[in-house]
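This is coords.txt (compact mmCIF, C-alpha atoms).
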```txt
# COMPACT_ATOMS: atom_id res chain seq x y z
CA MET A 1 -5.88 26.76 -0.60
CA GLU A 2 -9.06 25.85 -2.48
CA SER A 3 -7.59 22.43 -3.29
CA THR A 4 -7.08 21.48 0.36
CA LYS A 5 -9.63 20.01 2.77
CA ASP A 6 -9.85 20.76 6.48
CA MET A 7 -10.98 17.56 8.25
CA THR A 8 -11.12 19.17 11.69
CA VAL A 9 -14.64 20.55 11.15
CA GLY A 10 -17.85 19.03 9.83
CA SER A 11 -19.50 15.61 9.86
CA PRO A 12 -16.86 12.85 10.23
CA MET A 13 -18.90 10.40 8.13
CA LYS A 14 -19.34 12.89 5.30
CA LEU A 15 -15.67 13.89 5.40
CA ILE A 16 -14.46 10.27 5.45
CA LEU A 17 -16.71 9.28 2.55
CA GLY A 18 -15.78 12.34 0.51
CA PHE A 19 -12.07 11.84 1.12
CA SER A 20 -11.89 8.06 0.80
CA LEU A 21 -13.85 7.63 -2.45
CA PRO A 22 -11.26 9.41 -4.63
CA LEU A 23 -8.57 7.48 -2.73
CA LEU A 24 -10.41 4.23 -3.47
CA PHE A 25 -10.41 4.93 -7.19
CA GLY A 26 -6.75 5.89 -6.90
CA PHE A 27 -5.86 2.58 -5.28
CA LEU A 28 -7.96 0.72 -7.86
CA PHE A 29 -6.07 2.35 -10.69
CA GLN A 30 -2.80 1.71 -8.88
CA GLN A 31 -3.72 -1.97 -8.84
CA PHE A 32 -4.12 -1.76 -12.61
CA TYR A 33 -0.34 -1.67 -12.80
CA SER A 34 -0.03 -5.18 -11.41
CA VAL A 35 -3.40 -6.59 -12.48
CA VAL A 36 -3.01 -5.66 -16.15
CA ASP A 37 0.55 -6.97 -16.06
CA THR A 38 -0.74 -10.23 -14.67
CA ILE A 39 -3.64 -10.60 -17.11
CA ILE A 40 -1.45 -9.96 -20.15
CA VAL A 41 1.38 -12.13 -18.85
CA GLY A 42 -0.95 -15.00 -17.95
CA ARG A 43 -2.98 -14.85 -21.15
CA ILE A 44 -0.18 -14.20 -23.64
CA LEU A 45 2.97 -15.66 -22.05
CA GLY A 46 1.38 -18.59 -20.19
CA VAL A 47 1.07 -20.08 -16.70
CA ASN A 48 4.82 -20.34 -16.07
CA ALA A 49 5.34 -16.65 -16.80
CA LEU A 50 2.36 -15.86 -14.56
CA ALA A 51 3.92 -17.93 -11.78
CA GLY A 52 7.27 -16.19 -12.35
CA VAL A 53 5.73 -12.75 -11.79
CA GLY A 54 3.68 -14.07 -8.88
CA ALA A 55 6.70 -15.61 -7.17
CA THR A 56 8.08 -12.08 -6.72
CA GLY A 57 4.95 -10.83 -4.96
CA SER A 58 6.15 -11.15 -1.36
CA ILE A 59 9.61 -9.68 -1.92
CA ASN A 60 8.02 -6.95 -4.04
CA PHE A 61 5.68 -6.19 -1.13
CA MET A 62 8.55 -6.15 1.34
CA ILE A 63 10.62 -3.58 -0.59
CA ILE A 64 8.00 -1.47 -2.39
CA GLY A 65 5.78 -1.64 0.70
CA PHE A 66 8.64 -0.17 2.73
CA CYS A 67 8.90 2.70 0.23
CA MET A 68 5.16 3.39 0.40
CA GLY A 69 5.11 3.14 4.19
CA VAL A 70 7.99 5.58 4.55
CA CYS A 71 6.25 8.07 2.27
CA SER A 72 2.97 7.76 4.22
CA GLY A 73 4.87 8.37 7.45
CA PHE A 74 6.65 11.40 6.02
CA ALA A 75 3.26 12.94 5.20
CA ILE A 76 2.00 12.78 8.80
CA PRO A 77 4.06 15.72 10.18
CA VAL A 78 2.91 17.69 7.12
CA ALA A 79 -0.71 16.92 8.07
CA HIS A 80 -0.02 17.96 11.68
CA LYS A 81 1.41 21.33 10.57
CA PHE A 82 -1.44 21.86 8.12
CA GLY A 83 -3.99 21.12 10.85
CA ALA A 84 -2.20 23.56 13.16
CA LYS A 85 -2.15 26.23 10.36
CA ASP A 86 1.67 26.44 10.61
CA TYR A 87 2.37 26.70 6.89
CA SER A 88 6.04 27.70 7.12
CA GLY A 89 6.72 24.70 9.35
CA MET A 90 4.77 22.54 6.90
CA ARG A 91 6.97 23.69 3.98
CA GLN A 92 10.12 22.92 5.97
CA PHE A 93 8.88 19.37 6.53
CA VAL A 94 8.04 19.05 2.82
CA ALA A 95 11.57 20.16 1.87
CA ASN A 96 13.19 17.69 4.26
CA CYS A 97 10.87 14.97 2.94
CA ALA A 98 12.39 15.57 -0.48
CA TRP A 99 15.98 15.29 0.76
CA LEU A 100 15.27 12.09 2.68
CA ALA A 101 13.33 10.50 -0.20
CA LEU A 102 16.27 11.17 -2.54
CA VAL A 103 18.75 9.44 -0.23
CA PHE A 104 16.43 6.52 0.61
CA SER A 105 15.60 5.83 -3.05
CA VAL A 106 19.22 5.76 -4.26
CA VAL A 107 20.54 3.61 -1.41
CA MET A 108 17.65 1.13 -1.58
CA THR A 109 17.87 0.74 -5.35
CA VAL A 110 21.56 -0.14 -5.28
CA ILE A 111 21.21 -2.67 -2.43
CA VAL A 112 18.10 -4.57 -3.49
CA VAL A 113 19.03 -4.84 -7.18
CA ALA A 114 22.36 -6.39 -6.17
CA LEU A 115 20.63 -8.96 -3.93
CA CYS A 116 17.71 -10.00 -6.18
CA ARG A 117 19.14 -13.28 -7.51
CA ASN A 118 20.27 -14.41 -4.06
CA ILE A 119 16.86 -13.63 -2.55
CA LEU A 120 14.99 -15.67 -5.16
CA THR A 121 17.40 -18.56 -4.57
CA TRP A 122 16.84 -18.41 -0.79
CA MET A 123 13.08 -18.47 -1.45
CA LYS A 124 13.38 -21.79 -3.33
CA THR A 125 11.85 -20.31 -6.48
CA PRO A 126 11.07 -23.23 -8.86
CA ALA A 127 13.66 -23.60 -11.60
CA ASP A 128 11.10 -23.41 -14.44
CA ILE A 129 10.04 -19.88 -13.42
CA PHE A 130 13.28 -18.54 -11.88
CA GLU A 131 14.56 -16.41 -14.78
CA ASP A 132 11.17 -14.80 -15.42
CA ALA A 133 10.92 -13.94 -11.74
CA TYR A 134 14.43 -12.47 -11.69
CA ILE A 135 14.01 -10.31 -14.80
CA TYR A 136 10.68 -8.93 -13.62
CA ILE A 137 11.71 -8.02 -10.07
CA VAL A 138 15.07 -6.45 -11.04
CA ILE A 139 13.33 -3.99 -13.36
CA ILE A 140 10.66 -3.21 -10.76
CA PHE A 141 13.37 -2.46 -8.19
CA LEU A 142 15.27 -0.26 -10.64
CA GLY A 143 12.10 1.84 -10.57
CA ILE A 144 12.25 2.46 -6.80
CA PRO A 145 13.01 6.21 -7.34
CA ALA A 146 9.79 6.49 -9.37
CA THR A 147 7.91 4.78 -6.52
CA TYR A 148 9.28 7.31 -4.04
CA LEU A 149 8.52 10.25 -6.33
CA TYR A 150 4.84 9.42 -6.77
CA ASN A 151 4.14 8.26 -3.22
CA ILE A 152 5.90 11.13 -1.44
CA LEU A 153 4.17 13.77 -3.58
CA SER A 154 0.72 12.18 -3.49
CA GLY A 155 1.08 11.72 0.29
CA ILE A 156 1.86 15.43 0.76
CA ILE A 157 -1.07 16.45 -1.44
CA ARG A 158 -3.42 14.17 0.51
CA SER A 159 -2.10 15.42 3.86
CA MET A 160 -3.58 18.80 2.97
CA GLY A 161 -6.98 17.27 2.26
CA ASP A 162 -6.77 16.86 -1.53
CA SER A 163 -7.39 13.22 -2.38
CA LYS A 164 -8.68 13.82 -5.91
CA THR A 165 -5.67 15.20 -7.77
CA PRO A 166 -3.39 12.15 -7.32
CA LEU A 167 -6.29 10.06 -8.63
CA TYR A 168 -6.48 12.02 -11.87
CA PHE A 169 -2.80 11.54 -12.63
CA LEU A 170 -2.87 7.89 -11.60
CA THR A 171 -5.86 7.27 -13.87
CA LEU A 172 -3.99 8.70 -16.82
CA SER A 173 -0.84 6.71 -16.12
CA SER A 174 -2.86 3.52 -15.59
CA PHE A 175 -4.24 3.69 -19.10
CA LEU A 176 -0.74 4.45 -20.30
CA ASN A 177 0.42 1.32 -18.47
CA ILE A 178 -2.08 -0.80 -20.37
CA GLY A 179 -0.87 0.57 -23.69
CA LEU A 180 2.78 0.08 -22.79
CA ASP A 181 2.08 -3.48 -21.61
CA LEU A 182 0.57 -4.42 -24.95
CA LEU A 183 3.30 -2.59 -26.88
CA CYS A 184 6.22 -4.08 -24.95
CA ILE A 185 4.90 -7.65 -24.68
CA ILE A 186 3.13 -8.11 -28.02
CA ASN A 187 4.90 -5.74 -30.42
CA PHE A 188 8.40 -5.65 -28.93
CA GLN A 189 8.16 -9.23 -27.57
CA MET A 190 9.97 -8.29 -24.35
CA GLY A 191 8.28 -11.00 -22.26
CA VAL A 192 7.90 -10.34 -18.53
CA ALA A 193 10.48 -7.55 -18.84
CA GLY A 194 7.95 -5.58 -20.88
CA ALA A 195 5.38 -5.80 -18.10
CA ALA A 196 7.89 -4.49 -15.57
CA VAL A 197 9.06 -1.64 -17.82
CA ALA A 198 5.46 -0.55 -18.40
CA THR A 199 4.84 -0.45 -14.65
CA VAL A 200 7.91 1.66 -13.86
CA VAL A 201 7.44 4.15 -16.70
CA SER A 202 3.76 4.65 -15.86
CA GLN A 203 4.44 5.34 -12.20
CA LEU A 204 7.25 7.74 -13.09
CA ILE A 205 4.88 9.75 -15.26
CA SER A 206 2.24 9.96 -12.50
CA GLY A 207 4.91 11.23 -10.10
CA ILE A 208 6.12 13.89 -12.54
CA LEU A 209 2.55 15.08 -13.06
CA CYS A 210 2.05 15.39 -9.29
CA LEU A 211 5.23 17.49 -9.09
CA PHE A 212 4.15 19.93 -11.80
CA TYR A 213 0.69 20.23 -10.25
CA MET A 214 2.08 21.02 -6.79
CA MET A 215 4.44 23.64 -8.18
CA LYS A 216 1.65 25.39 -10.08
CA LYS A 217 -1.43 25.07 -7.85
CA PHE A 218 -0.32 25.07 -4.18
CA GLU A 219 0.88 28.51 -3.22
CA ILE A 220 1.34 27.42 0.40
CA LEU A 221 3.90 24.89 -0.89
CA HIS A 222 6.13 27.45 -2.57
CA ILE A 223 9.27 26.68 -0.59
CA THR A 224 11.76 29.49 0.03
CA LYS A 225 15.52 29.10 -0.15
CA GLU A 226 15.69 29.24 3.65
CA GLU A 227 13.05 26.52 4.02
CA TRP A 228 14.98 24.24 1.64
CA LYS A 229 17.85 23.99 4.14
CA ILE A 230 18.45 20.58 5.70
CA ASN A 231 17.01 20.53 9.22
CA LEU A 232 18.25 17.56 11.26
CA SER A 233 15.52 18.03 13.86
CA HIS A 234 12.83 17.82 11.18
CA MET A 235 14.56 14.82 9.63
CA ARG A 236 14.52 13.01 12.97
CA VAL A 237 10.78 13.63 13.25
CA LEU A 238 10.20 12.44 9.68
CA CYS A 239 12.31 9.32 10.16
CA GLY A 240 10.55 8.67 13.46
CA MET A 241 7.26 8.59 11.57
CA GLY A 242 8.33 7.15 8.22
CA ILE A 243 10.76 4.37 9.10
CA PRO A 244 8.39 2.61 11.55
CA MET A 245 5.61 2.73 8.95
CA GLY A 246 7.98 1.35 6.32
CA LEU A 247 9.19 -1.36 8.67
CA GLN A 248 5.56 -2.22 9.38
CA TYR A 249 5.22 -3.34 5.76
CA SER A 250 8.63 -4.98 5.64
CA ILE A 251 8.27 -6.88 8.89
CA THR A 252 4.82 -8.04 7.79
CA ALA A 253 6.35 -9.07 4.48
CA ILE A 254 9.00 -11.24 6.17
CA GLY A 255 6.15 -13.56 7.08
CA SER A 256 4.90 -13.32 3.49
CA VAL A 257 8.35 -14.27 2.18
CA ILE A 258 8.43 -17.33 4.46
CA LEU A 259 4.90 -18.19 3.34
CA GLN A 260 5.84 -17.75 -0.35
CA THR A 261 8.85 -20.03 0.18
CA ALA A 262 6.48 -22.69 1.53
CA VAL A 263 4.07 -22.23 -1.39
CA ASN A 264 7.00 -22.50 -3.84
CA THR A 265 7.61 -26.03 -2.57
CA LEU A 266 4.08 -26.96 -3.73
CA GLY A 267 5.08 -26.29 -7.36
CA SER A 268 4.50 -23.67 -10.05
CA LEU A 269 0.76 -24.48 -10.37
CA ALA A 270 0.20 -23.61 -6.70
CA VAL A 271 2.25 -20.43 -7.16
CA ALA A 272 0.10 -19.45 -10.16
CA SER A 273 -3.12 -20.20 -8.23
CA VAL A 274 -2.05 -18.00 -5.33
CA THR A 275 -1.01 -15.30 -7.79
CA ALA A 276 -4.37 -15.24 -9.58
CA GLY A 277 -6.34 -15.35 -6.33
CA ASN A 278 -4.26 -12.65 -4.68
CA LYS A 279 -4.52 -10.33 -7.69
CA VAL A 280 -8.31 -10.48 -7.51
CA GLY A 281 -8.26 -10.14 -3.74
CA MET A 282 -5.92 -7.13 -3.85
CA PHE A 283 -8.37 -5.35 -6.12
CA PHE A 284 -11.17 -5.84 -3.60
CA CYS A 285 -8.88 -4.81 -0.72
CA CYS A 286 -8.29 -1.37 -2.24
CA ALA A 287 -11.28 -0.12 -0.22
CA PHE A 288 -9.49 -1.00 3.01
CA ASP A 289 -6.35 0.79 1.83
CA ALA A 290 -8.43 3.88 1.06
CA MET A 291 -10.05 3.79 4.50
CA GLY A 292 -6.66 3.45 6.15
CA SER A 293 -5.10 6.38 4.28
CA THR A 294 -8.17 8.48 5.03
CA MET A 295 -7.90 7.82 8.76
CA ALA A 296 -4.19 8.69 8.75
CA THR A 297 -5.01 12.16 7.37
CA TYR A 298 -8.12 12.53 9.53
CA GLY A 299 -6.23 11.53 12.67
CA GLY A 300 -3.22 13.70 11.81
CA GLN A 301 -5.21 16.87 11.18
CA ASN A 302 -7.42 16.50 14.26
CA VAL A 303 -4.47 15.79 16.55
CA GLY A 304 -2.74 18.84 15.07
CA ALA A 305 -5.86 20.89 15.83
CA LYS A 306 -6.14 19.28 19.32
CA LYS A 307 -9.68 18.04 18.61
CA LEU A 308 -9.41 14.62 20.24
CA ASP A 309 -13.16 14.24 20.63
CA ARG A 310 -13.42 13.85 16.84
CA LEU A 311 -11.08 10.84 16.75
CA GLY A 312 -13.62 8.40 18.20
CA GLN A 313 -16.41 9.78 16.03
CA GLY A 314 -14.34 9.30 12.88
CA LEU A 315 -13.22 5.82 13.91
CA LYS A 316 -16.79 4.60 14.47
CA SER A 317 -17.95 6.04 11.15
CA CYS A 318 -15.13 4.40 9.20
CA ILE A 319 -15.56 1.01 10.92
CA LEU A 320 -19.25 1.05 9.95
CA LEU A 321 -18.27 1.65 6.33
CA GLY A 322 -15.70 -1.15 6.57
CA VAL A 323 -18.20 -3.69 7.88
CA ILE A 324 -20.78 -2.89 5.20
CA TYR A 325 -18.21 -3.14 2.42
CA SER A 326 -16.75 -6.39 3.81
CA VAL A 327 -20.12 -8.14 3.63
CA ILE A 328 -20.73 -6.96 0.05
CA ALA A 329 -17.23 -8.01 -1.06
CA PHE A 330 -17.63 -11.50 0.43
CA VAL A 331 -20.92 -12.06 -1.43
CA VAL A 332 -19.42 -10.91 -4.74
CA LEU A 333 -16.31 -13.08 -4.40
CA PHE A 334 -18.28 -16.12 -3.25
CA ILE A 335 -20.44 -15.94 -6.39
CA PHE A 336 -17.98 -14.61 -8.98
CA GLY A 337 -14.55 -15.50 -7.58
CA GLU A 338 -13.73 -18.19 -10.13
CA ASN A 339 -14.91 -16.04 -13.04
CA LEU A 340 -12.69 -13.18 -11.89
CA ALA A 341 -9.68 -15.49 -11.53
CA ALA A 342 -10.34 -16.69 -15.10
CA LEU A 343 -9.32 -13.23 -16.32
CA PHE A 344 -5.70 -14.23 -15.73
CA VAL A 345 -5.51 -17.67 -17.34
CA ASP A 346 -7.21 -19.85 -19.93
CA SER A 347 -10.56 -21.26 -18.76
CA GLY A 348 -9.18 -24.75 -19.27
CA GLU A 349 -6.95 -24.41 -16.17
CA LYS A 350 -9.62 -26.02 -13.97
CA GLN A 351 -7.45 -26.88 -10.95
CA LEU A 352 -5.86 -23.44 -10.90
CA LEU A 353 -9.24 -21.69 -11.03
CA HIS A 354 -10.68 -23.95 -8.31
CA ASP A 355 -7.77 -23.22 -5.98
CA ALA A 356 -7.90 -19.47 -6.70
CA ARG A 357 -11.63 -19.39 -5.82
CA LEU A 358 -10.96 -21.29 -2.59
CA LEU A 359 -8.31 -18.74 -1.62
CA LEU A 360 -10.72 -15.86 -2.32
CA ILE A 361 -13.59 -17.34 -0.31
CA VAL A 362 -11.43 -18.03 2.74
CA SER A 363 -9.79 -14.60 2.63
CA SER A 364 -12.97 -12.58 2.06
CA SER A 365 -14.73 -14.29 4.97
CA PHE A 366 -12.20 -12.45 7.17
CA TYR A 367 -12.52 -9.01 5.56
CA ILE A 368 -14.04 -7.43 8.67
CA PRO A 369 -10.86 -8.14 10.70
CA LEU A 370 -8.87 -6.76 7.74
CA ALA A 371 -10.96 -3.58 7.77
CA LEU A 372 -10.17 -3.11 11.46
CA VAL A 373 -6.45 -3.66 10.83
CA ASN A 374 -6.25 -0.86 8.26
CA ILE A 375 -8.61 1.61 9.94
CA ILE A 376 -7.18 1.36 13.45
CA ARG A 377 -3.53 1.03 12.45
CA PHE A 378 -3.55 4.09 10.21
CA MET A 379 -5.55 6.08 12.74
CA ILE A 380 -2.87 5.33 15.35
CA GLN A 381 -0.18 6.38 12.87
CA GLY A 382 -2.00 9.60 12.07
CA MET A 383 -2.20 10.33 15.77
CA GLY A 384 1.60 10.28 15.83
CA PHE A 385 2.34 6.84 17.32
CA SER A 386 3.78 5.13 14.25
CA THR A 387 6.07 2.91 16.33
CA PHE A 388 3.00 0.82 17.12
CA ALA A 389 2.81 0.00 13.41
CA ILE A 390 5.97 -2.06 13.79
CA LEU A 391 4.44 -4.09 16.61
CA ALA A 392 1.27 -4.72 14.60
CA GLY A 393 3.49 -5.84 11.71
CA VAL A 394 5.31 -8.22 14.06
CA PHE A 395 2.03 -9.91 14.92
CA GLU A 396 1.20 -10.31 11.21
CA MET A 397 4.70 -11.65 10.54
CA ILE A 398 4.34 -14.25 13.30
CA ALA A 399 1.01 -15.42 11.92
CA ARG A 400 2.24 -15.77 8.32
CA THR A 401 5.43 -17.45 9.52
CA LEU A 402 3.36 -20.00 11.43
CA ALA A 403 1.30 -20.60 8.31
CA GLY A 404 4.44 -21.08 6.20
CA LEU A 405 6.19 -23.36 8.66
CA VAL A 406 3.20 -25.31 10.00
CA LEU A 407 -0.05 -24.94 8.03
CA VAL A 408 1.29 -25.28 4.48
CA PRO A 409 3.54 -28.32 5.16
CA LYS A 410 0.70 -30.02 7.05
CA PHE A 411 -2.40 -29.04 5.04
CA GLY A 412 -0.97 -27.96 1.67
CA PHE A 413 -2.79 -25.30 -0.34
CA ILE A 414 -5.66 -24.83 2.13
CA GLY A 415 -3.07 -23.94 4.77
CA ALA A 416 -1.84 -21.11 2.53
CA CYS A 417 -5.42 -19.84 2.18
CA PHE A 418 -5.69 -19.25 5.95
CA ALA A 419 -2.34 -17.41 6.25
CA SER A 420 -3.61 -13.86 5.69
CA PRO A 421 -6.80 -14.25 7.77
CA LEU A 422 -4.69 -15.53 10.64
CA ALA A 423 -2.39 -12.51 10.27
CA TRP A 424 -5.31 -10.05 10.38
CA VAL A 425 -6.74 -11.61 13.54
CA PHE A 426 -3.33 -11.52 15.23
CA ALA A 427 -2.87 -7.85 14.30
CA ASP A 428 -6.32 -6.88 15.62
CA ALA A 429 -5.57 -8.56 18.93
CA PHE A 430 -2.77 -5.99 19.33
CA LEU A 431 -4.23 -2.92 17.60
CA ILE A 432 -7.55 -2.60 19.43
CA PRO A 433 -6.03 -2.25 22.93
CA ALA A 434 -3.18 -0.18 21.40
CA TYR A 435 -5.66 2.42 20.13
CA ILE A 436 -7.27 2.69 23.57
CA HIS A 437 -3.81 3.19 25.09
CA VAL A 438 -2.63 5.91 22.70
CA ARG A 439 -5.95 7.76 22.91
CA ARG A 440 -5.63 7.94 26.70
CA LYS A 441 -1.99 8.98 26.38
CA LEU A 442 -2.91 11.84 24.05
CA GLN A 443 -5.64 12.99 26.39
CA LYS A 444 -3.14 13.21 29.25
CA MET A 445 -0.56 15.00 27.07
CA MET A 446 -3.07 17.62 25.90
CA GLY A 447 -4.98 17.84 29.17
CA ASP A 448 -8.23 16.93 27.47
```
Kindly present the structure from the file in structure tokens form.
Amino acid sequence: MESTKDMTVGSPMKLILGFSLPLLFGFLFQQFYSVVDTIIVGRILGVNALAGVGATGSINFMIIGFCMGVCSGFAIPVAHKFGAKDYSGMRQFVANCAWLALVFSVVMTVIVVALCRNILTWMKTPADIFEDAYIYIVIIFLGIPATYLYNILSGIIRSMGDSKTPLYFLTLSSFLNIGLDLLCIINFQMGVAGAAVATVVSQLISGILCLFYMMKKFEILHITKEEWKINLSHMRVLCGMGIPMGLQYSITAIGSVILQTAVNTLGSLAVASVTAGNKVGMFFCCAFDAMGSTMATYGGQNVGAKKLDRLGQGLKSCILLGVIYSVIAFVVLFIFGENLAALFVDSGEKQLLHDARLLLIVSSSFYIPLALVNIIRFMIQGMGFSTFAILAGVFEMIARTLAGLVLVPKFGFIGACFASPLAWVFADAFLIPAYIHVRRKLQKMMGD
């Protein structure tokens, strides 16, 4: 058990920092998959290829985000059992996680691959980038089983307090991704297909490494034949946690799809500008993802241990970190935003770089609301109320839908820049009172 971390004792600030920093580097390296793809595609294959990959961003987020959300939700009952020191029950949940992930990955892969071309048509993808978009997203979706493999295993490892090991494997596979990108695109001349293949293969390798590590290092995860049996009660609990978290991403992404459809009507240059700006922004937003995942584990373990007094302490500590980071990120993007966007395209693309910088400045000025969205939402999920994630996602969907239907047609590109900030503010308006409600509900349930 030396690889695990008990977050039910000790200084919340120290625990959150120690747990979230490896997660942050993990998310940064995970972004390398898409960022390196985008840099190589934009620099070597040109603006149209860049726009083609970028046009798939929202649908990619809707499907892959669902996979990641489901896996995060599946890990919460594992964290609860670990916090309660019920290791046999924890192994039973891990076994049923595996069965569910197998079914989900196969069914999803078949359905979404079959619908890819229709979806891109419905989204009014510009004709000059349509085929690149289709080839890229089909290959990414064929890799859904690899996405499930890595995210379910890394989620289980993190639920026991080990946030470092998944980082090590992800770091290795990220460098592999860079090499495969260059090999497939330059040497094999596979175009955008090469970028997608590199992404899938790299994630598959990181998942396999996590599996071997768990089998060798975690004795408390050595599942017996009896524990491998399908348990419908456990599956209901897992689905009750995982599906709402997955739907949170997908429902949020519906608004993103509507927004992307509106941006597509502005032309391939606007699509490329949003792509470059969002890729830079996603890199800076990794810190918020790390904080969110940390609070899910922190909340799950402390609820399992019935230490509700530590929830508020941890929340305040993480929000303080979020505010400090948000200010620093805004300053960096305000000064260097255009230079960072220039990583993806030739410096002669003046209009594209100007628009990408504008997007980054507007978005980063709302990073504090974004920090609250991730911290509070994942804390609520860790506490066992993942259904609220759907409602928060609904508020984000409404905001992005309004931006796509009203702001972009009326104000053009600047309207698209305010879509995400509007979504974060809408989500906070729901999440802050929701946290107060679920905290009081837990106190009544546990008689605290």
- Query: Which is closest to Leu115 in chain A among A:Ser163, A:Ile59, A:Gly299, A:Ser88, if we use all atoms listed in the file?
  - Reply: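 Under the stated criterion, the closest residue is A:Ile59.
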Using only C-alpha atoms, collect all residues at a distance of at most 10 Å from (-1.4, -13.1, 11.5) as written in the file, then present them as a PDB file with C-alpha atoms, in the frame of the given file.
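Output saved as out02.pdb:
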```pdb
ATOM      1  CA  THR A 252       4.820  -8.040   7.790  1.00  0.00           C
ATOM      2  CA  GLY A 255       6.150 -13.560   7.080  1.00  0.00           C
ATOM      3  CA  ALA A 392       1.270  -4.720  14.600  1.00  0.00           C
ATOM      4  CA  GLY A 393       3.490  -5.840  11.710  1.00  0.00           C
ATOM      5  CA  VAL A 394       5.310  -8.220  14.060  1.00  0.00           C
ATOM      6  CA  PHE A 395       2.030  -9.910  14.920  1.00  0.00           C
ATOM      7  CA  GLU A 396       1.200 -10.310  11.210  1.00  0.00           C
ATOM      8  CA  MET A 397       4.700 -11.650  10.540  1.00  0.00           C
ATOM      9  CA  ILE A 398       4.340 -14.250  13.300  1.00  0.00           C
ATOM     10  CA  ALA A 399       1.010 -15.420  11.920  1.00  0.00           C
ATOM     11  CA  ARG A 400       2.240 -15.770   8.320  1.00  0.00           C
ATOM     12  CA  THR A 401       5.430 -17.450   9.520  1.00  0.00           C
ATOM     13  CA  LEU A 402       3.360 -20.000  11.430  1.00  0.00           C
ATOM     14  CA  ALA A 403       1.300 -20.600   8.310  1.00  0.00           C
ATOM     15  CA  PHE A 418      -5.690 -19.250   5.950  1.00  0.00           C
ATOM     16  CA  ALA A 419      -2.340 -17.410   6.250  1.00  0.00           C
ATOM     17  CA  SER A 420      -3.610 -13.860   5.690  1.00  0.00           C
ATOM     18  CA  PRO A 421      -6.800 -14.250   7.770  1.00  0.00           C
ATOM     19  CA  LEU A 422      -4.690 -15.530  10.640  1.00  0.00           C
ATOM     20  CA  ALA A 423      -2.390 -12.510  10.270  1.00  0.00           C
ATOM     21  CA  TRP A 424      -5.310 -10.050  10.380  1.00  0.00           C
ATOM     22  CA  VAL A 425      -6.740 -11.610  13.540  1.00  0.00           C
ATOM     23  CA  PHE A 426      -3.330 -11.520  15.230  1.00  0.00           C
ATOM     24  CA  ALA A 427      -2.870  -7.850  14.300  1.00  0.00           C
ATOM     25  CA  ASP A 428      -6.320  -6.880  15.620  1.00  0.00           C
ATOM     26  CA  ALA A 429      -5.570  -8.560  18.930  1.00  0.00           C
TER      27      ALA A 429
END
```
- Message: Quick one: residues within 12 Å of range 333-349 of chain A, only C-alpha atoms, excluding same-chain residues fewer than 3 positions away - as number ranges by chain?
- Response: A: 34-51, 54, 269-270, 272-285, 326-330, 352-365, 367
Preceding selection exported with C-alpha atoms as a short mmCIF file (atom, residue, chain, number, x, y, z; two decimals), in the coordinates of the input:
```cif
data_model
loop_
_atom_site.label_atom_id
_atom_site.label_comp_id
_atom_site.auth_asym_id
_atom_site.auth_seq_id
_atom_site.Cartn_x
_atom_site.Cartn_y
_atom_site.Cartn_z
CA SER A 34 -0.03 -5.18 -11.41
CA VAL A 35 -3.40 -6.59 -12.48
CA VAL A 36 -3.01 -5.66 -16.15
CA ASP A 37 0.55 -6.97 -16.06
CA THR A 38 -0.74 -10.23 -14.67
CA ILE A 39 -3.64 -10.60 -17.11
CA ILE A 40 -1.45 -9.96 -20.15
CA VAL A 41 1.38 -12.13 -18.85
CA GLY A 42 -0.95 -15.00 -17.95
CA ARG A 43 -2.98 -14.85 -21.15
CA ILE A 44 -0.18 -14.20 -23.64
CA LEU A 45 2.97 -15.66 -22.05
CA GLY A 46 1.38 -18.59 -20.19
CA VAL A 47 1.07 -20.08 -16.70
CA ASN A 48 4.82 -20.34 -16.07
CA ALA A 49 5.34 -16.65 -16.80
CA LEU A 50 2.36 -15.86 -14.56
CA ALA A 51 3.92 -17.93 -11.78
CA GLY A 54 3.68 -14.07 -8.88
CA LEU A 269 0.76 -24.48 -10.37
CA ALA A 270 0.20 -23.61 -6.70
CA ALA A 272 0.10 -19.45 -10.16
CA SER A 273 -3.12 -20.20 -8.23
CA VAL A 274 -2.05 -18.00 -5.33
CA THR A 275 -1.01 -15.30 -7.79
CA ALA A 276 -4.37 -15.24 -9.58
CA GLY A 277 -6.34 -15.35 -6.33
CA ASN A 278 -4.26 -12.65 -4.68
CA LYS A 279 -4.52 -10.33 -7.69
CA VAL A 280 -8.31 -10.48 -7.51
CA GLY A 281 -8.26 -10.14 -3.74
CA MET A 282 -5.92 -7.13 -3.85
CA PHE A 283 -8.37 -5.35 -6.12
CA PHE A 284 -11.17 -5.84 -3.60
CA CYS A 285 -8.88 -4.81 -0.72
CA SER A 326 -16.75 -6.39 3.81
CA VAL A 327 -20.12 -8.14 3.63
CA ILE A 328 -20.73 -6.96 0.05
CA ALA A 329 -17.23 -8.01 -1.06
CA PHE A 330 -17.63 -11.50 0.43
CA LEU A 352 -5.86 -23.44 -10.90
CA LEU A 353 -9.24 -21.69 -11.03
CA HIS A 354 -10.68 -23.95 -8.31
CA ASP A 355 -7.77 -23.22 -5.98
CA ALA A 356 -7.90 -19.47 -6.70
CA ARG A 357 -11.63 -19.39 -5.82
CA LEU A 358 -10.96 -21.29 -2.59
CA LEU A 359 -8.31 -18.74 -1.62
CA LEU A 360 -10.72 -15.86 -2.32
CA ILE A 361 -13.59 -17.34 -0.31
CA VAL A 362 -11.43 -18.03 2.74
CA SER A 363 -9.79 -14.60 2.63
CA SER A 364 -12.97 -12.58 2.06
CA SER A 365 -14.73 -14.29 4.97
CA TYR A 367 -12.52 -9.01 5.56
#
```
